[in-house]
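Participant: So here's coords.pdb, just PDB, C-alpha atoms:
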ATOM      1  CA  MET B  36       0.000   0.000   0.000  1.00  0.00           C
ATOM      2  CA  ASN B  37       1.402   3.329  -1.068  1.00  0.00           C
ATOM      3  CA  LEU B  38      -0.141   5.767   1.384  1.00  0.00           C
ATOM      4  CA  LYS B  39       0.012   9.508   1.052  1.00  0.00           C
ATOM      5  CA  TYR B  40      -1.457  12.276   3.126  1.00  0.00           C
ATOM      6  CA  ASN B  41      -2.506  15.833   2.709  1.00  0.00           C
ATOM      7  CA  ILE B  42      -3.137  18.552   5.214  1.00  0.00           C
ATOM      8  CA  LYS B  43      -5.289  21.613   4.793  1.00  0.00           C
ATOM      9  CA  VAL B  44      -4.634  24.485   7.171  1.00  0.00           C
ATOM     10  CA  ARG B  45      -6.992  27.389   7.753  1.00  0.00           C
ATOM     11  CA  VAL B  46      -6.552  30.465   9.936  1.00  0.00           C
ATOM     12  CA  PHE B  47      -9.490  32.650  10.831  1.00  0.00           C
ATOM     13  CA  GLN B  48     -11.468  34.491  13.463  1.00  0.00           C
ATOM     14  CA  GLY B  49     -15.024  33.268  13.044  1.00  0.00           C
ATOM     15  CA  GLU B  50     -15.571  31.134   9.971  1.00  0.00           C
ATOM     16  CA  PRO B  51     -12.689  29.165   8.402  1.00  0.00           C
ATOM     17  CA  ALA B  52     -12.463  31.498   5.429  1.00  0.00           C
ATOM     18  CA  PHE B  53      -8.691  31.796   4.952  1.00  0.00           C
ATOM     19  CA  GLY B  54      -6.999  28.682   3.626  1.00  0.00           C
ATOM     20  CA  PRO B  55      -4.809  27.419   0.807  1.00  0.00           C
ATOM     21  CA  GLY B  56      -7.187  28.591  -1.929  1.00  0.00           C
ATOM     22  CA  VAL B  57      -7.191  32.225  -0.829  1.00  0.00           C
ATOM     23  CA  ALA B  58      -3.444  32.055  -0.190  1.00  0.00           C
ATOM     24  CA  GLU B  59      -2.725  30.741  -3.675  1.00  0.00           C
ATOM     25  CA  LEU B  60      -4.967  33.340  -5.259  1.00  0.00           C
ATOM     26  CA  MET B  61      -3.184  36.086  -3.310  1.00  0.00           C
ATOM     27  CA  GLU B  62       0.191  34.847  -4.517  1.00  0.00           C
ATOM     28  CA  ARG B  63      -1.025  34.898  -8.093  1.00  0.00           C
ATOM     29  CA  VAL B  64      -2.457  38.386  -7.671  1.00  0.00           C
ATOM     30  CA  GLU B  65       0.845  39.515  -6.176  1.00  0.00           C
ATOM     31  CA  ARG B  66       2.747  38.138  -9.171  1.00  0.00           C
ATOM     32  CA  THR B  67       0.365  39.195 -11.952  1.00  0.00           C
ATOM     33  CA  GLY B  68      -1.014  42.422 -10.447  1.00  0.00           C
ATOM     34  CA  SER B  69      -4.486  41.319 -11.420  1.00  0.00           C
ATOM     35  CA  LEU B  70      -7.288  39.486  -9.662  1.00  0.00           C
ATOM     36  CA  SER B  71      -8.867  38.400 -12.917  1.00  0.00           C
ATOM     37  CA  GLU B  72      -5.542  36.986 -14.120  1.00  0.00           C
ATOM     38  CA  GLY B  73      -5.001  35.223 -10.789  1.00  0.00           C
ATOM     39  CA  CYS B  74      -8.437  33.648 -11.052  1.00  0.00           C
ATOM     40  CA  ARG B  75      -7.848  32.668 -14.666  1.00  0.00           C
ATOM     41  CA  GLU B  76      -4.608  30.896 -13.759  1.00  0.00           C
ATOM     42  CA  MET B  77      -6.464  28.884 -11.135  1.00  0.00           C
ATOM     43  CA  GLY B  78      -9.333  28.020 -13.430  1.00  0.00           C
ATOM     44  CA  MET B  79     -11.612  29.914 -11.065  1.00  0.00           C
ATOM     45  CA  ALA B  80     -14.473  32.180 -12.037  1.00  0.00           C
ATOM     46  CA  TYR B  81     -13.717  35.830 -11.277  1.00  0.00           C
ATOM     47  CA  SER B  82     -16.923  36.028  -9.230  1.00  0.00           C
ATOM     48  CA  LYS B  83     -15.776  33.059  -7.141  1.00  0.00           C
ATOM     49  CA  GLY B  84     -12.318  34.584  -6.593  1.00  0.00           C
ATOM     50  CA  TRP B  85     -13.807  37.868  -5.568  1.00  0.00           C
ATOM     51  CA  LYS B  86     -16.174  36.077  -3.223  1.00  0.00           C
ATOM     52  CA  ILE B  87     -13.544  34.013  -1.392  1.00  0.00           C
ATOM     53  CA  ILE B  88     -11.311  37.070  -0.941  1.00  0.00           C
ATOM     54  CA  ARG B  89     -14.210  39.123   0.320  1.00  0.00           C
ATOM     55  CA  ARG B  90     -15.279  36.416   2.760  1.00  0.00           C
ATOM     56  CA  ALA B  91     -11.749  36.121   4.137  1.00  0.00           C
ATOM     57  CA  GLU B  92     -11.442  39.899   4.470  1.00  0.00           C
ATOM     58  CA  LYS B  93     -14.736  40.070   6.274  1.00  0.00           C
ATOM     59  CA  ASP B  94     -13.706  37.317   8.660  1.00  0.00           C
ATOM     60  CA  LEU B  95     -10.256  38.738   9.362  1.00  0.00           C
ATOM     61  CA  GLY B  96     -11.412  42.323   9.565  1.00  0.00           C
ATOM     62  CA  PHE B  97      -8.911  43.863   7.162  1.00  0.00           C
ATOM     63  CA  SER B  98      -8.329  44.141   3.413  1.00  0.00           C
ATOM     64  CA  LEU B  99      -6.132  41.547   1.743  1.00  0.00           C
ATOM     65  CA  MET B 100      -5.868  43.350  -1.562  1.00  0.00           C
ATOM     66  CA  THR B 101      -6.668  46.713  -3.005  1.00  0.00           C
ATOM     67  CA  GLY B 102      -7.215  48.299  -6.400  1.00  0.00           C
ATOM     68  CA  ASN B 103      -9.727  48.040  -9.160  1.00  0.00           C
ATOM     69  CA  ARG B 104     -11.687  44.895  -8.533  1.00  0.00           C
ATOM     70  CA  GLY B 105     -14.822  46.089 -10.235  1.00  0.00           C
ATOM     71  CA  GLY B 106     -14.743  43.963 -13.343  1.00  0.00           C
ATOM     72  CA  SER B 107     -13.635  40.738 -14.902  1.00  0.00           C
ATOM     73  CA  THR B 108     -11.775  42.409 -17.733  1.00  0.00           C
ATOM     74  CA  GLY B 109      -8.981  44.234 -16.009  1.00  0.00           C
ATOM     75  CA  GLY B 110      -7.833  46.752 -13.496  1.00  0.00           C
ATOM     76  CA  SER B 111      -4.775  46.298 -11.357  1.00  0.00           C
ATOM     77  CA  THR B 112      -4.792  44.769  -7.923  1.00  0.00           C
ATOM     78  CA  VAL B 113      -2.070  44.687  -5.312  1.00  0.00           C
ATOM     79  CA  LEU B 114      -1.871  43.050  -1.912  1.00  0.00           C
ATOM     80  CA  THR B 115      -2.160  45.324   1.085  1.00  0.00           C
ATOM     81  CA  GLU B 116       0.714  45.384   3.567  1.00  0.00           C
ATOM     82  CA  GLU B 117      -1.486  43.610   6.095  1.00  0.00           C
ATOM     83  CA  GLY B 118      -2.437  41.079   3.446  1.00  0.00           C
ATOM     84  CA  LYS B 119       1.211  40.409   2.552  1.00  0.00           C
ATOM     85  CA  ASP B 120       2.142  39.987   6.170  1.00  0.00           C
ATOM     86  CA  PHE B 121      -0.753  37.648   6.913  1.00  0.00           C
ATOM     87  CA  LEU B 122      -0.012  35.568   3.804  1.00  0.00           C
ATOM     88  CA  ARG B 123       3.641  35.263   4.790  1.00  0.00           C
ATOM     89  CA  ARG B 124       2.768  34.142   8.314  1.00  0.00           C
ATOM     90  CA  PHE B 125       0.159  31.696   7.029  1.00  0.00           C
ATOM     91  CA  ARG B 126       2.616  30.087   4.615  1.00  0.00           C
ATOM     92  CA  SER B 127       5.221  29.861   7.320  1.00  0.00           C
ATOM     93  CA  PHE B 128       2.785  28.188   9.775  1.00  0.00           C
ATOM     94  CA  GLU B 129       1.631  25.840   7.025  1.00  0.00           C
ATOM     95  CA  ALA B 130       5.206  24.945   6.068  1.00  0.00           C
ATOM     96  CA  SER B 131       6.158  24.184   9.670  1.00  0.00           C
ATOM     97  CA  ILE B 132       3.163  21.878   9.991  1.00  0.00           C
ATOM     98  CA  HIS B 133       4.013  20.090   6.765  1.00  0.00           C
ATOM     99  CA  GLU B 134       7.564  19.627   7.959  1.00  0.00           C
ATOM    100  CA  LYS B 135       6.423  18.060  11.241  1.00  0.00           C
ATOM    101  CA  ALA B 136       3.810  15.951   9.448  1.00  0.00           C
ATOM    102  CA  GLU B 137       6.479  14.505   7.211  1.00  0.00           C
ATOM    103  CA  GLU B 138       8.237  13.096  10.272  1.00  0.00           C
ATOM    104  CA  LEU B 139       5.038  11.971  11.973  1.00  0.00           C
ATOM    105  CA  PHE B 140       3.726  10.205   8.893  1.00  0.00           C
ATOM    106  CA  LYS B 141       6.628   7.761   9.031  1.00  0.00           C
ATOM    107  CA  GLN B 142       4.985   6.330  12.147  1.00  0.00           C
ATOM    108  CA  PHE B 143       1.560   6.047  10.557  1.00  0.00           C
TER     109      PHE B 143
ATOM    110  CA  MET H 109      -7.568  39.880  16.714  1.00  0.00           C
ATOM    111  CA  ASN H 110      -8.569  36.507  18.093  1.00  0.00           C
ATOM    112  CA  LEU H 111      -7.142  34.092  15.551  1.00  0.00           C
ATOM    113  CA  LYS H 112      -7.908  30.396  15.438  1.00  0.00           C
ATOM    114  CA  TYR H 113      -6.848  27.684  13.086  1.00  0.00           C
ATOM    115  CA  ASN H 114      -8.084  24.370  11.896  1.00  0.00           C
ATOM    116  CA  ILE H 115      -6.314  21.529  10.183  1.00  0.00           C
ATOM    117  CA  LYS H 116      -7.834  18.840   8.031  1.00  0.00           C
ATOM    118  CA  VAL H 117      -5.790  15.703   7.539  1.00  0.00           C
ATOM    119  CA  ARG H 118      -6.446  13.108   4.864  1.00  0.00           C
ATOM    120  CA  VAL H 119      -4.681   9.802   4.226  1.00  0.00           C
ATOM    121  CA  PHE H 120      -5.132   7.970   0.959  1.00  0.00           C
ATOM    122  CA  GLN H 121      -3.596   6.162  -1.957  1.00  0.00           C
ATOM    123  CA  GLY H 122      -4.996   7.886  -5.029  1.00  0.00           C
ATOM    124  CA  GLU H 123      -7.749  10.369  -4.260  1.00  0.00           C
ATOM    125  CA  PRO H 124      -7.998  12.079  -0.838  1.00  0.00           C
ATOM    126  CA  ALA H 125     -11.004   9.993   0.182  1.00  0.00           C
ATOM    127  CA  PHE H 126     -10.227   9.250   3.840  1.00  0.00           C
ATOM    128  CA  GLY H 127     -10.471  12.222   6.166  1.00  0.00           C
ATOM    129  CA  PRO H 128     -12.205  13.443   9.310  1.00  0.00           C
ATOM    130  CA  GLY H 129     -15.710  12.875   7.921  1.00  0.00           C
ATOM    131  CA  VAL H 130     -15.183   9.182   7.194  1.00  0.00           C
ATOM    132  CA  ALA H 131     -13.312   8.764  10.484  1.00  0.00           C
ATOM    133  CA  GLU H 132     -16.132  10.309  12.494  1.00  0.00           C
ATOM    134  CA  LEU H 133     -18.715   8.210  10.702  1.00  0.00           C
ATOM    135  CA  MET H 134     -16.689   5.071  11.442  1.00  0.00           C
ATOM    136  CA  GLU H 135     -16.519   5.948  15.116  1.00  0.00           C
ATOM    137  CA  ARG H 136     -20.270   6.402  15.230  1.00  0.00           C
ATOM    138  CA  VAL H 137     -20.818   3.127  13.425  1.00  0.00           C
ATOM    139  CA  GLU H 138     -18.498   1.425  15.882  1.00  0.00           C
ATOM    140  CA  ARG H 139     -20.449   2.805  18.813  1.00  0.00           C
ATOM    141  CA  THR H 140     -23.971   2.348  17.461  1.00  0.00           C
ATOM    142  CA  GLY H 141     -23.482  -0.759  15.337  1.00  0.00           C
ATOM    143  CA  SER H 142     -25.400   0.870  12.542  1.00  0.00           C
ATOM    144  CA  LEU H 143     -24.441   2.882   9.494  1.00  0.00           C
ATOM    145  CA  SER H 144     -27.861   4.475   9.257  1.00  0.00           C
ATOM    146  CA  GLU H 145     -27.670   5.527  12.896  1.00  0.00           C
ATOM    147  CA  GLY H 146     -24.140   6.880  12.416  1.00  0.00           C
ATOM    148  CA  CYS H 147     -25.327   8.934   9.454  1.00  0.00           C
ATOM    149  CA  ARG H 148     -28.357  10.173  11.335  1.00  0.00           C
ATOM    150  CA  GLU H 149     -26.202  11.403  14.216  1.00  0.00           C
ATOM    151  CA  MET H 150     -24.100  13.372  11.767  1.00  0.00           C
ATOM    152  CA  GLY H 151     -27.105  14.794   9.952  1.00  0.00           C
ATOM    153  CA  MET H 152     -25.881  13.038   6.846  1.00  0.00           C
ATOM    154  CA  ALA H 153     -28.061  11.275   4.301  1.00  0.00           C
ATOM    155  CA  TYR H 154     -27.590   7.517   4.399  1.00  0.00           C
ATOM    156  CA  SER H 155     -26.779   7.543   0.681  1.00  0.00           C
ATOM    157  CA  LYS H 156     -24.039  10.122   1.304  1.00  0.00           C
ATOM    158  CA  GLY H 157     -22.594   8.097   4.182  1.00  0.00           C
ATOM    159  CA  TRP H 158     -22.587   4.952   2.126  1.00  0.00           C
ATOM    160  CA  LYS H 159     -20.926   6.831  -0.731  1.00  0.00           C
ATOM    161  CA  ILE H 160     -18.068   8.333   1.304  1.00  0.00           C
ATOM    162  CA  ILE H 161     -17.329   4.980   2.947  1.00  0.00           C
ATOM    163  CA  ARG H 162     -17.398   3.209  -0.395  1.00  0.00           C
ATOM    164  CA  ARG H 163     -15.108   5.790  -1.993  1.00  0.00           C
ATOM    165  CA  ALA H 164     -12.602   5.469   0.860  1.00  0.00           C
ATOM    166  CA  GLU H 165     -12.688   1.666   0.683  1.00  0.00           C
ATOM    167  CA  LYS H 166     -12.127   1.772  -3.053  1.00  0.00           C
ATOM    168  CA  ASP H 167      -9.196   4.118  -2.650  1.00  0.00           C
ATOM    169  CA  LEU H 168      -7.583   2.188   0.195  1.00  0.00           C
ATOM    170  CA  GLY H 169      -8.255  -1.218  -1.305  1.00  0.00           C
ATOM    171  CA  PHE H 170      -9.885  -2.839   1.731  1.00  0.00           C
ATOM    172  CA  SER H 171     -13.220  -2.823   3.536  1.00  0.00           C
ATOM    173  CA  LEU H 172     -13.693  -0.415   6.426  1.00  0.00           C
ATOM    174  CA  MET H 173     -16.947  -1.900   7.650  1.00  0.00           C
ATOM    175  CA  THR H 174     -19.012  -4.960   7.072  1.00  0.00           C
ATOM    176  CA  GLY H 175     -22.579  -6.101   7.607  1.00  0.00           C
ATOM    177  CA  ASN H 176     -25.944  -5.240   6.248  1.00  0.00           C
ATOM    178  CA  ARG H 177     -25.578  -1.960   4.481  1.00  0.00           C
ATOM    179  CA  GLY H 178     -28.388  -2.560   2.046  1.00  0.00           C
ATOM    180  CA  GLY H 179     -30.974  -0.198   3.398  1.00  0.00           C
ATOM    181  CA  SER H 180     -31.601   2.990   5.267  1.00  0.00           C
ATOM    182  CA  THR H 181     -33.842   1.385   7.860  1.00  0.00           C
ATOM    183  CA  GLY H 182     -31.588  -0.992   9.701  1.00  0.00           C
ATOM    184  CA  GLY H 183     -29.188  -3.851   9.672  1.00  0.00           C
ATOM    185  CA  SER H 184     -26.116  -4.022  11.809  1.00  0.00           C
ATOM    186  CA  THR H 185     -22.703  -2.833  10.734  1.00  0.00           C
ATOM    187  CA  VAL H 186     -19.338  -3.358  12.369  1.00  0.00           C
ATOM    188  CA  LEU H 187     -15.885  -2.098  11.523  1.00  0.00           C
ATOM    189  CA  THR H 188     -13.504  -4.600   9.988  1.00  0.00           C
ATOM    190  CA  GLU H 189     -10.226  -5.296  11.800  1.00  0.00           C
ATOM    191  CA  GLU H 190      -8.369  -3.474   9.036  1.00  0.00           C
ATOM    192  CA  GLY H 191     -10.820  -0.610   9.318  1.00  0.00           C
ATOM    193  CA  LYS H 192     -10.340  -0.362  13.090  1.00  0.00           C
ATOM    194  CA  ASP H 193      -6.589  -0.414  12.736  1.00  0.00           C
ATOM    195  CA  PHE H 194      -6.560   2.224  10.015  1.00  0.00           C
ATOM    196  CA  LEU H 195      -8.911   4.464  11.971  1.00  0.00           C
ATOM    197  CA  ARG H 196      -6.740   4.171  15.076  1.00  0.00           C
ATOM    198  CA  ARG H 197      -3.582   5.053  13.134  1.00  0.00           C
ATOM    199  CA  PHE H 198      -5.315   7.945  11.390  1.00  0.00           C
ATOM    200  CA  ARG H 199      -6.534   9.440  14.673  1.00  0.00           C
ATOM    201  CA  SER H 200      -3.091   9.044  16.171  1.00  0.00           C
ATOM    202  CA  PHE H 201      -1.406  10.792  13.213  1.00  0.00           C
ATOM    203  CA  GLU H 202      -4.022  13.529  13.312  1.00  0.00           C
ATOM    204  CA  ALA H 203      -3.606  14.018  17.073  1.00  0.00           C
ATOM    205  CA  SER H 204       0.184  14.300  16.780  1.00  0.00           C
ATOM    206  CA  ILE H 205      -0.206  16.935  14.093  1.00  0.00           C
ATOM    207  CA  HIS H 206      -2.677  18.911  16.177  1.00  0.00           C
ATOM    208  CA  GLU H 207      -0.320  18.762  19.117  1.00  0.00           C
ATOM    209  CA  LYS H 208       2.568  20.156  17.062  1.00  0.00           C
ATOM    210  CA  ALA H 209       0.320  22.740  15.450  1.00  0.00           C
ATOM    211  CA  GLU H 210      -0.671  24.034  18.851  1.00  0.00           C
ATOM    212  CA  GLU H 211       2.968  24.879  19.567  1.00  0.00           C
ATOM    213  CA  LEU H 212       3.631  26.262  16.099  1.00  0.00           C
ATOM    214  CA  PHE H 213       0.566  28.482  16.122  1.00  0.00           C
ATOM    215  CA  LYS H 214       1.989  30.489  18.997  1.00  0.00           C
ATOM    216  CA  GLN H 215       4.533  31.812  16.520  1.00  0.00           C
ATOM    217  CA  PHE H 216       1.946  32.706  13.923  1.00  0.00           C
TER     218      PHE H 216
END
Will you turn the file into structure tokens for me?

Facilitator:
Amino acid sequence: MNLKYNIKVRVFQGEPAFGPGVAELMERVERTGSLSEGCREMGMAYSKGWKIIRRAEKDLGFSLMTGNRGGSTGGSTVLTEEGKDFLRRFRSFEASIHEKAEELFKQF
Amino acid sequence: MNLKYNIKVRVFQGEPAFGPGVAELMERVERTGSLSEGCREMGMAYSKGWKIIRRAEKDLGFSLMTGNRGGSTGGSTVLTEEGKDFLRRFRSFEASIHEKAEELFKQF
């Protein structure tokens, strides 16, 4: 038997709205400067992308990105400083867990 | 900001079919001796419960439970020895990860 595992980490205040999907979308927005492009790369509808970002922002109580998010055809979007910082800390927490899990899984 | 986190662990061969939902359902089946009762307790349709168990069994290549699973109204169901063992190892892996995560989250 060739067992694998995966681990999904979420960080939030009320509802588990910030997880790997939002994090990946943020990274793509950071790189491309565009929410619509970030969504496109993930094969995600723009409306869905906008919705998951909005839900996470609402839960966390601060903006993750800023700029023209009014349409599916363009505008530029950048991460806020708070958004960048939160993303960095999330990825670091996630990476530490994955590192530990790698060791622990040997005992599975 | 009062941050929390959650972590979802899955163990599988091909598709991530075995996770906390299947594990919880198995525990309820073990306690009640009935898949329909286990589903009911979780507010899950019997057909859904049967489907997630079946998908996990197919992925793992062995039976997790055995007995009369033919209807929504009764029959008795017990975990197989392999199912019990896998469940126990899964919960142990999951618990170790949660324990580590608790420490790591302080640095978040």

Participant: For the file shown, what are the residues hit by the PyMOL selection byres ((chain H and resi 191-205) around 10), laid out as a ChimeraX atom specification?

Facilitator: /B:42,132-133,135-137,139-143 /H:115-119,126-128,130-132,134-135,138,165,168,170-174,186-190,206-210

Participant: Considering only C-alpha atoms, can you say which of H:Leu111, H:Met152, H:Leu133, H:Ile161 comes closest to chain B?

Facilitator: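 The shortest atom-to-atom distance to chain B comes from H:Leu111.
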
Participant: If you take every atom of region 120-127 of chain B that the file lists and fit an axis-aligned box around them with 3 Å extra on each side, what centre and edge lengths come out in Å to one decimal, as JSON?

Facilitator:
{"center_x": 2.2, "center_y": 34.9, "center_z": 6.1, "size_x": 12.0, "size_y": 16.1, "size_z": 10.5}

Participant: Could you check which of H:Gly169, H:Gly175, H:Gly157, H:Gly183 is closest to Arg136 (chain H), using only C-alpha atoms?

Facilitator: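 Checking each of H:Gly169, H:Gly175, H:Gly157, H:Gly183 against Arg136 (chain H), counting only C-alpha atoms, the winner is H:Gly157.
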
Participant: Return the single residue from H:Gly122, H:Arg139, H:Thr185, H:Asn110 that is closest to Trp158 (chain H), with distances computed using only C-alpha atoms.

Facilitator: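 Of H:Gly122, H:Arg139, H:Thr185, H:Asn110, the one nearest Trp158 (chain H), counting only C-alpha atoms, is H:Thr185.
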
Participant: List the neighbours of Ala125 (chain H) out to 7 Å using all atoms listed in the file; skip same-chain residues closer than 2 positions along the sequence, and give me the result as a list in words.

Facilitator: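 My list of contacting residues is Phe120, Glu123, Gly127, Arg163, Ala164 and Asp167 of chain H.
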
Participant: May I ask for the distance between CA of Val137 (chain H) and CA of Lys39 (chain B), given in Å to one decimal place?

Facilitator: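 A separation of 25.1 Å between them.
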
Participant: Could you please determine the separation between CA of Glu76 (chain B) and CA of Gly56 (chain B) in Å, to one decimal place?

Facilitator: 12.3 Å

Participant: Which distance in Å separates CA of Lys156 (chain H) and CA of Tyr40 (chain B), to one decimal?

Facilitator: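 Result for CA of Lys156 (chain H) versus CA of Tyr40 (chain B): 22.8 Å, one decimal.
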